[in-house]
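**Student:** File name work-v7.txt; file contents compact mmCIF, C-alpha atoms; full text below.
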```txt
# COMPACT_ATOMS: atom_id res chain seq x y z
CA MET A 1 50.85 -28.32 52.19
CA GLY A 2 49.19 -30.48 49.59
CA LEU A 3 52.43 -30.99 47.71
CA TRP A 4 54.35 -31.66 50.91
CA ARG A 5 51.81 -34.27 51.98
CA LYS A 6 51.94 -35.84 48.56
CA ARG A 7 55.72 -36.16 48.64
CA ARG A 8 55.76 -37.34 52.24
CA CYS A 9 53.28 -40.07 51.44
CA GLY A 10 55.10 -41.09 48.26
CA GLY A 11 52.64 -39.53 45.82
CA PRO A 12 49.10 -40.62 44.97
CA ALA A 13 48.09 -44.05 46.23
CA MET A 14 49.04 -46.76 43.78
CA ASP A 15 46.50 -49.31 42.60
CA LEU A 16 46.95 -52.90 43.69
CA GLU A 17 48.16 -54.11 40.31
CA THR A 18 50.98 -51.55 40.27
CA ARG A 19 51.96 -52.40 43.84
CA VAL A 20 52.01 -56.09 42.95
CA LYS A 21 54.10 -55.43 39.84
CA LEU A 22 56.63 -53.37 41.80
CA ASN A 23 56.81 -55.97 44.56
CA ILE A 24 57.47 -58.71 42.02
CA TYR A 25 60.21 -56.81 40.23
CA THR A 26 61.93 -55.44 43.33
CA THR A 27 61.86 -58.93 44.87
CA ILE A 28 63.49 -60.41 41.79
CA ALA A 29 66.07 -57.61 41.70
CA GLU A 30 66.97 -58.26 45.34
CA THR A 31 66.76 -62.06 45.46
CA THR A 32 67.03 -63.14 41.76
CA ARG A 33 63.81 -65.19 42.13
CA PRO A 34 60.16 -64.21 41.62
CA PRO A 35 57.95 -64.25 44.71
CA THR A 36 54.90 -66.49 45.08
CA SER A 37 51.46 -64.93 45.27
CA ALA A 38 51.41 -65.78 49.00
CA GLU A 39 54.67 -63.89 49.54
CA VAL A 40 53.39 -60.85 47.67
CA ALA A 41 50.11 -60.97 49.60
CA ARG A 42 52.00 -61.03 52.91
CA ALA A 43 54.31 -58.19 51.88
CA LEU A 44 51.44 -55.97 50.76
CA GLY A 45 48.90 -56.94 53.41
CA GLU A 46 46.41 -58.05 50.76
CA SER A 47 44.51 -61.28 50.23
CA ARG A 48 46.10 -63.99 48.11
CA ALA A 49 43.03 -64.06 45.87
CA GLU A 50 43.35 -60.35 45.10
CA VAL A 51 47.07 -60.69 44.43
CA GLU A 52 46.48 -63.65 42.09
CA GLY A 53 43.89 -61.54 40.29
CA ALA A 54 46.59 -58.90 39.79
CA PHE A 55 49.00 -61.62 38.56
CA ARG A 56 46.43 -62.65 35.93
CA SER A 57 45.83 -59.05 34.89
CA LEU A 58 49.58 -58.47 34.51
CA ALA A 59 49.78 -61.67 32.45
CA ARG A 60 47.03 -60.38 30.13
CA LYS A 61 49.19 -57.28 29.63
CA ARG A 62 52.14 -59.54 28.84
CA LEU A 63 54.16 -58.36 31.80
CA LEU A 64 54.11 -61.86 33.33
CA VAL A 65 53.88 -65.43 32.10
CA LEU A 66 52.28 -67.74 34.66
CA ASP A 67 52.27 -71.48 35.05
CA ASP A 68 48.56 -72.12 34.62
CA ALA A 69 48.15 -74.67 37.38
CA ASN A 70 49.38 -72.68 40.36
CA ALA A 71 49.77 -69.06 39.22
CA ARG A 72 53.51 -69.23 39.79
CA ILE A 73 55.56 -66.75 37.80
CA ARG A 74 57.33 -68.49 34.90
CA MET A 75 58.54 -65.22 33.38
CA ALA A 76 58.61 -61.62 34.50
CA PRO A 77 60.43 -60.38 31.44
CA PRO A 78 63.35 -59.93 31.21
CA PHE A 79 63.69 -62.28 34.19
CA SER A 80 62.96 -66.00 34.14
CA GLY A 81 61.42 -67.77 37.11
CA VAL A 82 63.14 -71.01 36.14
CA ALA A 83 66.71 -71.93 35.26
CA THR A 84 67.57 -71.25 31.60
CA GLY A 85 70.60 -71.22 29.38
CA PHE A 86 71.00 -67.47 29.83
CA GLN A 87 72.72 -66.57 33.11
CA VAL A 88 73.34 -62.93 33.94
CA THR A 89 75.70 -62.05 36.77
CA LEU A 90 75.87 -58.56 38.19
CA ASP A 91 76.71 -57.16 41.60
CA GLY A 92 77.52 -60.70 42.74
CA ARG A 93 74.04 -62.03 41.94
CA THR A 94 73.11 -64.42 39.14
CA TYR A 95 69.76 -64.06 37.38
CA PHE A 96 68.21 -66.25 34.71
CA ALA A 97 66.85 -64.59 31.56
CA ASN A 98 64.38 -65.93 28.99
CA CYS A 99 66.53 -65.39 25.90
CA VAL A 100 69.54 -63.40 24.74
CA TRP A 101 67.41 -60.26 24.29
CA ASP A 102 66.22 -60.59 27.88
CA ALA A 103 69.75 -61.35 29.10
CA LEU A 104 70.77 -57.91 27.87
CA GLY A 105 67.44 -56.67 29.25
CA VAL A 106 68.42 -57.68 32.78
CA ALA A 107 71.44 -55.37 32.55
CA ALA A 108 69.24 -52.64 31.04
CA ALA A 109 66.51 -53.04 33.68
CA LEU A 110 68.94 -53.00 36.60
CA HIS A 111 71.23 -50.37 35.05
CA ARG A 112 74.36 -52.31 35.88
CA ASP A 113 77.39 -53.80 34.17
CA ALA A 114 76.76 -57.50 33.62
CA ASP A 115 78.40 -60.74 32.53
CA ILE A 116 76.21 -63.09 30.49
CA LYS A 117 76.92 -66.80 30.10
CA THR A 118 75.17 -68.73 27.38
CA THR A 119 75.96 -71.05 24.47
CA CYS A 120 75.90 -70.90 20.69
CA GLY A 121 72.45 -71.97 19.50
CA ASP A 122 74.06 -74.22 16.88
CA CYS A 123 77.20 -75.85 18.28
CA GLY A 124 76.59 -75.41 22.00
CA GLU A 125 80.01 -73.88 22.63
CA PRO A 126 80.05 -71.49 25.60
CA MET A 127 79.66 -67.80 24.75
CA ARG A 128 80.02 -64.84 27.04
CA LEU A 129 78.71 -61.34 26.56
CA ARG A 130 79.67 -58.38 28.70
CA VAL A 131 77.88 -55.10 29.30
CA ARG A 132 80.06 -52.24 30.44
CA ASP A 133 79.12 -48.58 30.92
CA ALA A 134 75.65 -49.04 29.41
CA ALA A 135 76.77 -50.82 26.23
CA PRO A 136 77.71 -54.34 25.16
CA VAL A 137 81.42 -55.03 24.71
CA PRO A 138 81.91 -55.71 20.97
CA GLN A 139 82.12 -59.38 20.11
CA ALA A 140 81.81 -61.54 17.00
CA CYS A 141 78.29 -62.99 17.10
CA VAL A 142 74.87 -62.71 15.45
CA ILE A 143 71.32 -63.02 16.74
CA HIS A 144 68.76 -64.91 14.69
CA PHE A 145 65.02 -64.34 15.10
CA ALA A 146 63.24 -67.52 14.02
CA VAL A 147 59.74 -66.20 14.80
CA PRO A 148 58.09 -63.06 13.33
CA ALA A 149 57.04 -60.35 15.80
CA ALA A 150 53.34 -61.04 15.25
CA LEU A 151 53.78 -64.58 16.59
CA TRP A 152 56.11 -64.00 19.52
CA TRP A 153 53.40 -64.54 22.11
CA GLU A 154 51.74 -67.55 20.47
CA ASP A 155 54.45 -69.67 22.14
CA VAL A 156 56.57 -67.23 24.09
CA VAL A 157 58.72 -69.94 25.67
CA TYR A 158 59.80 -71.12 22.19
CA THR A 159 60.26 -67.54 20.95
CA MET B 1 65.68 -65.83 19.33
CA LEU B 2 69.11 -67.38 19.72
CA LEU B 3 72.69 -66.23 19.84
CA PHE B 4 75.15 -67.76 17.38
CA ARG B 5 78.90 -67.56 16.91
CA SER B 6 78.51 -66.59 13.25
CA GLU B 7 76.19 -66.53 10.26
CA GLU B 8 77.58 -69.93 9.23
CA HIS B 9 76.30 -71.39 12.49
CA VAL B 10 72.85 -69.84 11.87
CA ASN B 11 72.70 -71.35 8.39
CA ARG B 12 73.59 -74.80 9.69
CA TRP B 13 71.05 -74.54 12.55
CA CYS B 14 68.26 -73.58 10.12
CA SER B 15 69.24 -76.21 7.57
CA GLU B 16 69.31 -79.05 10.11
CA ARG B 17 65.80 -78.14 11.26
CA GLY B 18 64.34 -77.38 7.86
CA LEU B 19 63.57 -73.85 8.99
CA PRO B 20 63.79 -70.74 6.82
CA ARG B 21 66.61 -68.31 7.47
CA ARG B 22 65.07 -65.29 9.14
CA PRO B 23 66.60 -61.88 9.87
CA LEU B 24 69.90 -61.58 11.68
CA ILE B 25 70.63 -58.68 13.95
CA SER B 26 73.82 -57.45 15.56
CA LEU B 27 74.72 -57.16 19.22
CA PRO B 28 74.41 -53.33 19.20
CA GLN B 29 70.95 -53.63 17.61
CA LEU B 30 69.85 -56.12 20.25
CA TRP B 31 71.15 -53.89 23.02
CA TYR B 32 69.07 -51.03 21.58
CA LEU B 33 65.97 -53.24 21.75
CA ALA B 34 66.80 -54.41 25.29
CA VAL B 35 67.09 -50.83 26.52
CA ALA B 36 63.90 -49.76 24.74
CA TRP B 37 61.94 -52.67 26.24
CA TYR B 38 63.35 -52.88 29.71
CA GLU B 39 65.16 -49.81 31.02
CA ASN B 40 62.05 -48.67 32.93
CA ARG B 41 60.78 -52.14 33.86
CA LEU B 42 61.29 -51.61 37.59
CA THR B 43 59.19 -48.43 37.68
CA ALA B 44 55.49 -47.97 38.43
CA GLU B 45 54.87 -46.71 34.89
CA SER B 46 56.47 -49.67 33.12
CA ARG B 47 54.47 -51.52 30.50
CA ARG B 48 55.02 -53.51 27.36
CA PRO B 49 55.23 -51.26 24.27
CA ALA B 50 52.06 -51.05 22.19
CA ALA B 51 52.13 -52.24 18.57
CA ASP B 52 52.77 -48.79 17.07
CA GLU B 53 55.50 -48.13 19.64
CA MET B 54 57.14 -51.45 18.76
CA ARG B 55 57.19 -50.51 15.08
CA GLY B 56 58.87 -47.23 16.03
CA VAL B 57 61.48 -48.98 18.18
CA PHE B 58 62.27 -51.49 15.44
CA ALA B 59 62.45 -48.78 12.78
CA GLY B 60 64.80 -46.83 15.03
CA VAL B 61 67.37 -49.56 14.66
CA GLY B 62 66.71 -50.29 10.99
CA LEU B 63 64.32 -53.23 11.42
CA GLU B 64 61.35 -52.68 9.13
CA GLY B 65 58.91 -54.74 7.11
CA PRO B 66 56.29 -57.36 7.92
CA PHE B 67 58.64 -59.59 9.93
CA TRP B 68 58.98 -56.84 12.52
CA ASP B 69 55.34 -55.73 12.43
CA PRO B 70 53.48 -57.10 15.48
CA ALA B 71 50.18 -56.77 13.62
CA ALA B 72 51.25 -58.40 10.34
CA ASP B 73 49.42 -61.49 9.14
CA GLN B 74 52.09 -62.56 6.65
CA TRP B 75 55.88 -62.20 6.53
```
Output the structure of this file as structure tokens.
**Tutor:**
Amino acid sequence: MGLWRKRRCGGPAMDLETRVKLNIYTTIAETTRPPTSAEVARALGESRAEVEGAFRSLARKRLLVLDDANARIRMAPPFSGVATGFQVTLDGRTYFANCVWDALGVAAALHRDADIKTTCGDCGEPMRLRVRDAAPVPQACVIHFAVPAALWWEDVVYT
Amino acid sequence: MLLFRSEEHVNRWCSERGLPRRPLISLPQLWYLAVAWYENRLTAESRRPAADEMRGVFAGVGLEGPFWDPAADQW
């Protein structure tokens, strides 16, 4: 009976932060854009203040990057909340990623084939990457890390 | 990090900005990192890897040394 009830109710109750995190990521997956704190609060039936507290906690754990002024989501890695030079198209939707690592990360997070449009960091010529059957299609290219791992979050937008 | 057509393009990009050439990685290596970081991101249990887990992920694809150590203070 206990197990049945647990399954029927979807397992143990999740804490607010986890519910907020899942709402953010499922919203992005479905719409390609991160929700506002007001939208998450409405969806979960919680106060906006509590949801913004969860946003800040997720940011401290480096699962979100917020615009300081209004607690809007700038990044929910691998997704970007603003237009970038890394566009990932899959299942007819186009997402923005924060960098080339995150562009591949969108395909990995959504477990889908994907087409990535970006440009060469040097000459600006268009480049396209494709992910098929859980692997990138081989292509002549290299990835350069300008910033050591210990400093990635000192200026994560630059990284 | 940025994507480049070739190593020659990386060298020019660094030279024009007066930046040191840092490590290059391949597309298969980057895919490995993307999967390690993000394949469970839409689950309740998802979280960013801790420092020791990051070292393990990087080592798993041949990336070792201070540059890849999230706790290093020089590289």
**Student:** Select residues of chain A: the criterion is any atom within 8 Å of an atom of chain B, counting all atoms listed in the file; output as a PyMOL selection string.
**Tutor:** chain A and resi 18-19+21-22+25-26+61-63+78+99-102+104-106+108-111+119-123+127+135-136+138-151+159
**Student:** What lies within 6 Å of Ile116 of chain A using all atoms listed in the file, ignoring chain neighbours under 2 positions off, as a PyMOL selection string?
**Tutor:** chain A and resi 87-88+128-129
**Student:** Got a sec: who's within 10 Å of Ala59 of chain A, counting all atoms listed in the file, leaving out chain neighbours fewer than 5 positions off, as an mmCIF file with C-alpha atoms, keeping the file's coordinate frame?
**Tutor:**
```
data_model
loop_
_atom_site.group_PDB
_atom_site.id
_atom_site.type_symbol
_atom_site.label_atom_id
_atom_site.label_comp_id
_atom_site.auth_asym_id
_atom_site.auth_seq_id
_atom_site.Cartn_x
_atom_site.Cartn_y
_atom_site.Cartn_z
ATOM 1 C CA GLY A 53 43.890 -61.540 40.290
ATOM 2 C CA ALA A 54 46.590 -58.900 39.790
ATOM 3 C CA LEU A 64 54.110 -61.860 33.330
ATOM 4 C CA VAL A 65 53.880 -65.430 32.100
ATOM 5 C CA LEU A 66 52.280 -67.740 34.660
ATOM 6 C CA ILE A 73 55.560 -66.750 37.800
ATOM 7 C CA MET A 75 58.540 -65.220 33.380
ATOM 8 C CA ALA A 76 58.610 -61.620 34.500
#
```
**Student:** Of the candidates A:Ala97, A:Pro126, A:Leu16, A:Lys117, which one gets nearest to Ser47 of chain A if we count all atoms listed in the file?
**Tutor:**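 That would be A:Leu16, the residue with the smallest distance to Ser47 of chain A.
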**Student:** Would you mind reading off the distance between atom CA of Val40 of chain A and atom CA of Ala83 of chain A, one decimal, in Å?
**Tutor:** 21.3 Å
**Student:** Quote the spacing between atom CA of Phe58 of chain B and atom CA of Asp113 of chain A in Å to one decimal place.
**Tutor:**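 Between these atoms lies a distance of 24.2 Å.
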**Student:** Record the distance separating atom CA of Thr89 of chain A and atom CA of Arg74 of chain A, expressed in Å with one decimal.
**Tutor:**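 Separation of atom CA of Thr89 of chain A and atom CA of Arg74 of chain A: 19.6 Å.
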**Student:** Which residue, A:Tyr95, A:Val131, A:Arg72, A:Asp15, has the smallest gap to Pro35 of chain A when you use all atoms listed in the file?
**Tutor:**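 Result for the nearest residue to Pro35 of chain A: A:Arg72.
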